[in-house]
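Colleague: Quick one: the structure is below, questions incoming.
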Amino acid sequence: MPPEAARRPTVLRHGGDERIDAWYWLRERENPEVIAYLEAENAYTESELQHTGELQKRLFEEIRSRVQETDATVPARKGDHWYLRRTVEGLSYPIHCRRAGGEDGPEQVILDENELAGGSEFFALGAFAVSPDGRVLAYSTDHTGSERFTVRVRDLESGADLPDEIPNTYYGLAWANDNRTLFYTRPDRAMRPWQLWRHGLGTAADDDLCLFTEVDERFYVSVRRTRSDAFVISVSESMVTSETRLLAADDPAGSFRVVEPRRDGIEYTVDDGGDRLLLLTNDAAPNFRLVERPLDASGEGHWRELIGHREEVRLEDIDAFATHVAVYERAEAVRRIRLLDGEGAASVIDQPEAVYAAAAEENLEFGSGAFRFRYSSLVTPPSVFELDLDSGERRLRKQEPALGGYDPERYATERLWAKAPDGAQVPISLVYRRDRPRDGTAPALLYGYGSYEASIDPVFSSARLSLLDRGFAYAIAHVRGGGELGRRWYESGKFEHKPNTFSDFIACAEHLIAEGWVSPEQLVARGGSAGGLLMGAVANARPELFGAIVAHVPFVDCLTTILDESLPLTVLEWEEWGNPNDPRFYALLKSYSPYDNVEAKAYPPMLVTAGLNDPRVSYWEPAKWVAKLRATKTDSNRLLLRTKMGAGHMGPSGRYDAWREEAFVYAFILDTLSLAESS
C-alpha cells in the first residue's frame, strides 16, 4: 500500500481569503515524521518498480555504451597554457588539466573533481578561476546540493591548497591582475546573492571586505572578469532591470563605477571591446539592440548603434574579441551566431540543418584569430567547430562520439507548429526513427518548460536513443513563457498571461494526437522545476491527454511559496509570476497553482522527484502535492514520489548516477505504457 501523510489542517490566511492546507506540516524539515514519510515514499517507489530492476540495468548499460567514457575536450588556449577537461572510464567527474607549449604539450592535472568528491553522495564544482599569471587556481565546491559553496585556493606549482578558505559563497569568482585579489559574492538567508566581497590571498576570510550590498530584494549580484583581462564586472539584476559596475583589473583596491544607472524595466549586458564598451540593451528595443560607447562616457547621447532592433530576431548575448564580436540571436525558435567584424559588417554563420542549436565554445583569448562554436541538433551529436576569421575556413575540431553503431540517417527531425486556442502558432521540435509508424500506435514523449524566457534548444542526447529505438517520438513544446520566439513570446507567457503556457502545451499534445504521431494512452509529458509546474497545471486541466507524467522537482505549491518572503529567492520571483500581495495576482496564482487545484477526478500515472537540499524548489512542494493527490484523486493509477535525501535541485551529480536516474525514469515510462516486456 502507498504511504499516506497525516492530515493536519493549517489555516492559511491572506487578505480576505482563507485556505486550508492539510499537509503544511511537511515543511518541518527537522521533524522526524517528515523524514520518515519521505523515506517511506522512497521505499514504496522502489517496491513498485522493483520488477523493472533488470530493465533499469539494461537501460543504464545502453546509455553507458553509447558514451566514450575516457575522453577529453578540445584544448583552449589562455596565455602560455592550453586548458582542457578529461573524463576517465569508471570515474564520475571531470579532471581539469592544462598543457604547456601547445595543444599536445606535457599535461598537468590541476584539479581532479573525483578526489574532491571523495565518498560524498553529492558533489558540485561551483567556480573555477585561474589567476592571470597562471600560478594559482581559485575554485569552490558544494557537497550537499544546497548551492552554498566554499572557496579554496590551490598553488598550481606545488599542487597544494593554500590556507585560504571562504565559506558560504555563490557562483562566480574573478581575479584582479595583481594575482592576489579575488572577488566573490555571498547569498543571504533567502539564497539571494546580494553582496560583493574582496579577498586578499593569504588573509583570513573574516578579514575580507564587503564592497557592495544590494538592498533591493528583487536584485541579485554576480561577478566575472572580462575576456580582455582589463576589467572585473559586477552586475546587479532583477528579472526586468540590470545595472553593471566596472573595476579596472589593474586597480584591485579601487572603486567599481556604474556603467549606466539602473532604470526600471531596462536591461543591458556589457562587454569590453578594447577601446570601447559594448552594450546589449532593450532600451527602446523589446528584442534588444547592440550599441557601443566610449569607455568613460555614459548616457545614451554617447551610444552608437551597431545592430538595431528587429521584430523577428531576439539578440540574446554577445562575446567581444579584439577584432570581432560574436552575437547570439534567436529567430524562428533557432539559436544562431552572427559575427560582427571591425568594419561593422555582420554575417550569420551558416549551418547544415534547418532546426539546430549553436552556442559559444571556450574562447579564452581576446586576441584570437579564430572563433570556436558548438553545433548540435536532435540527430547530430555536439560538434566543436573552429572558424578562421581571416580566411573563413571552418574546421571540425571534435564531434562527441555516439557509440554503438549510431547512424544519424536512421533518424529524422523536423519542426511542427501547433495552433493555440487564441490562434498563436506554437513551434514543436520533433525527432524519431524513420521506420516508426505514424498511425497513432507508437509512443511519444512531450517535454516542456516555458518560464523565465528560457529556451529549450533542440540538442542531441545519446541517452534519448533508448526511447527512439523503442519507437518513441521525442517532442519539445516551445511554449510561451520561454524565449524561443523573442521577448514578446516570453511576455505572453508570464503574469496574467501565464495560462498561455499551459494551453500551448495542451495544444501541442492535441496536435501530435491529431496528426497521428501518438494516442493519448501512449503520450508521456515531462518537465522539471517551472516545467514541473507546467506538468501539474496540465494534469489538472487535461489529465485524459496523457498516458503518464514525469515531474522533476516541480514548483507546484507556487502560491504558498511566493507568499512566503522568508523562503529562498521568493521576492525575486515576483517579477516573473506577479506579487501575490496584489489581489489580482493572488487570484491569478490561486487559479492555476497545481497544489491548490487538485480535484477529485482521475489522474494519469505519475513519477514525481524532489531533492531534500533543494534551495530552488523546496522538497515539500512535490511531497505535499503527492500527498494531496493520493488523498483526493479517484483512480488507482500509479503515483510515485522519489526524494534524493542528499542532493538538491539538479538531482544526482556524478555522470553514472545521472545515467542510472535516467534509466530509472525510462523504466517507469516503459513499464507504465506496458512496453517493458518488449524492451
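Chain lettering (A, B, ...) mirrors the order of the C-alpha cells, residue numbering begins at 1 for each chain separately, and ligand numbering begins at 1 in order of display.
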Could the residues of range 324-427 of chain A that have an atom at most 6 Å from range 62-78 of chain A be listed as a tab-separated table, each with its closest atom pair and the distance in Å to one decimal, counting only C-alpha atoms and ordered by chain and ascending residue number?

Modeller:
residue	atom	partner	partner_atom	distance
A:Leu364	CA	A:Lys78	CA	5.6
A:Glu365	CA	A:Lys78	CA	5.7
A:Ala402	CA	A:Arg66	CA	5.1
A:Leu403	CA	A:Arg66	CA	4.2
A:Gly404	CA	A:Arg66	CA	5.5

Colleague: Listing only residues of range 310-333 of chain A within 12 Å of range 249-268 of chain A, what is the closest atom pair and its distance in Å (to one decimal) for each, using only C-alpha atoms, sorted by chain and residue number ascending, as JSON lines?

Modeller:
{"residue": "A:Leu315", "atom": "CA", "partner": "A:Tyr268", "partner_atom": "CA", "distance": 11.3}
{"residue": "A:Glu316", "atom": "CA", "partner": "A:Tyr268", "partner_atom": "CA", "distance": 10.6}
{"residue": "A:Asp317", "atom": "CA", "partner": "A:Tyr268", "partner_atom": "CA", "distance": 9.9}
{"residue": "A:Ile318", "atom": "CA", "partner": "A:Tyr268", "partner_atom": "CA", "distance": 11.1}

Colleague: Any chance you can output those residues with N, CA and C atoms as a tab-separated table (two decimals), in the first residue's frame?

Modeller:
chain	number	residue	atom	x	y	z
A	315	LEU	N	18.10	39.39	-29.87
A	315	LEU	CA	19.52	39.34	-29.54
A	315	LEU	C	19.64	38.87	-28.10
A	316	GLU	N	20.37	37.77	-27.88
A	316	GLU	CA	20.42	37.16	-26.55
A	316	GLU	C	21.70	37.44	-25.78
A	317	ASP	N	22.84	37.49	-26.47
A	317	ASP	CA	24.10	37.65	-25.75
A	317	ASP	C	25.19	38.05	-26.73
A	318	ILE	N	26.33	38.47	-26.18
A	318	ILE	CA	27.47	38.85	-27.01
A	318	ILE	C	28.76	38.34	-26.37

Colleague: In terms of the shortest atom-to-atom distance over only C-alpha atoms, which of A:Ala418, A:Cys558, A:Val550, A:Leu182 is closest to Ala530 in chain A?

Modeller: A:Cys558

Colleague: Determine which residues of range 465-611 of chain A receive a DSSP assignment of helix (DSSP H, G or I), computed from the backbone, and state them as a VMD selection string.

Modeller: chain A and resid 465 to 468 487 to 491 495 to 497 499 to 514 520 to 522 530 to 541 543 to 545 558 to 563 570 to 577 583 to 592 595 to 597

Colleague: Counting only C-alpha atoms, what is within 7 Å of Leu589 in chain A, bar same-chain residues fewer than 4 positions away, as a compact mmCIF listing (two decimals) with C-alpha atoms, in the first residue's frame?

Modeller:
# COMPACT_ATOMS: atom_id res chain seq x y z
CA LEU A 559 1.03 30.41 -4.31
CA PHE A 585 -2.00 38.31 -8.84
CA SER A 593 -1.43 26.65 -8.64

Colleague: Point out the residue among A:His302, A:His552, A:Arg180, A:Arg85 with the least atom-to-atom distance to Leu641 in chain A, counting only C-alpha atoms.

Modeller: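 For Leu641 in chain A, the nearest of the given residues is A:His552.
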
Colleague: Just checking: using only C-alpha atoms, which residue out of A:Glu662, A:Glu565, A:Asp457, A:Glu491 ends up closest to Arg192 in chain A?

Modeller: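 That would be A:Glu565, the residue with the smallest distance to Arg192 in chain A.
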
Colleague: Between A:Arg135, A:Lys57, A:Arg480, A:Arg13, which has the minimum distance to Tyr586 in chain A (counting only C-alpha atoms)?

Modeller: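 Ranked by minimum distance to Tyr586 in chain A, first place goes to A:Arg13.
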
Colleague: Got a sec: who's within 9 Å of Leu201 in chain A, counting only C-alpha atoms, leaving out chain neighbours fewer than 5 positions off, as a PyMOL selection string?

Modeller: chain A and resi 153+162+164+179-182

Colleague: Which parts of range 468-538 of chain A does DSSP call strand (DSSP E) when run on the backbone here, written out as a PyMOL selection string?

Modeller: chain A and resi 473-477+523-528

Colleague: Excluding Gly440 in chain A and its own-chain neighbours fewer than 2 positions away, which residues fall within 6 Å of it when counting only C-alpha atoms? Please give them as an NGL selection string.

Modeller: :A and (438 or 442 or 516-519)

Colleague: Using only C-alpha atoms, which of A:Glu353, A:Asp388, A:Asp275, A:Asp341 sits nearest Arg415 in chain A?

Modeller: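 Comparing A:Glu353, A:Asp388, A:Asp275, A:Asp341 against Arg415 in chain A, the winner is A:Glu353.
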
Colleague: Calculated over only C-alpha atoms, which of the candidates A:Ala360, A:Leu59, A:Leu277, A:Ile307 has the smallest distance to Ala230 in chain A?

Modeller: A:Leu277

Colleague: Identify, on the basis of only C-alpha atoms, every residue whose closest approach to Phe371 in chain A does not exceed 9 Å; exclude the query and any residue fewer than 3 positions from it along the same chain; express the result as a ChimeraX atom specification.

Modeller: /A:326,360-361,363,368,385-389

Colleague: So that I have them on file, write out the residues from the current selection with C-alpha atoms, as an mmCIF file, in the first residue's frame.

Modeller:
data_model
loop_
_atom_site.group_PDB
_atom_site.id
_atom_site.type_symbol
_atom_site.label_atom_id
_atom_site.label_comp_id
_atom_site.auth_asym_id
_atom_site.auth_seq_id
_atom_site.Cartn_x
_atom_site.Cartn_y
_atom_site.Cartn_z
ATOM 1 C CA ALA A 326 30.048 37.213 -31.640
ATOM 2 C CA ALA A 360 29.791 29.529 -27.825
ATOM 3 C CA GLU A 361 32.572 27.087 -27.132
ATOM 4 C CA ASN A 363 37.173 31.107 -26.467
ATOM 5 C CA SER A 368 42.353 35.117 -31.079
ATOM 6 C CA PHE A 385 33.994 23.924 -34.930
ATOM 7 C CA GLU A 386 36.773 26.473 -35.330
ATOM 8 C CA LEU A 387 36.259 29.321 -37.791
ATOM 9 C CA ASP A 388 39.295 31.181 -39.125
ATOM 10 C CA LEU A 389 38.314 34.850 -39.023
#

Colleague: Need to verify the contact set: Gly16 in chain A, 12 Å, only C-alpha atoms, exclusion of same-chain residues closer than 6 positions in sequence. Can you return it as number ranges by chain?

Modeller: A: 581, 583, 586-587

Colleague: Between CA of Val571 in chain A and CA of Val240 in chain A, measure the distance and give it in Å to one decimal.

Modeller: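 For CA of Val571 in chain A relative to CA of Val240 in chain A, the distance reads 13.1 Å.
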
Colleague: Interatomic distance between CA of Glu113 in chain A and CA of Leu137 in chain A?

Modeller: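 We find that CA of Glu113 in chain A and CA of Leu137 in chain A lie 13.6 Å from each other.
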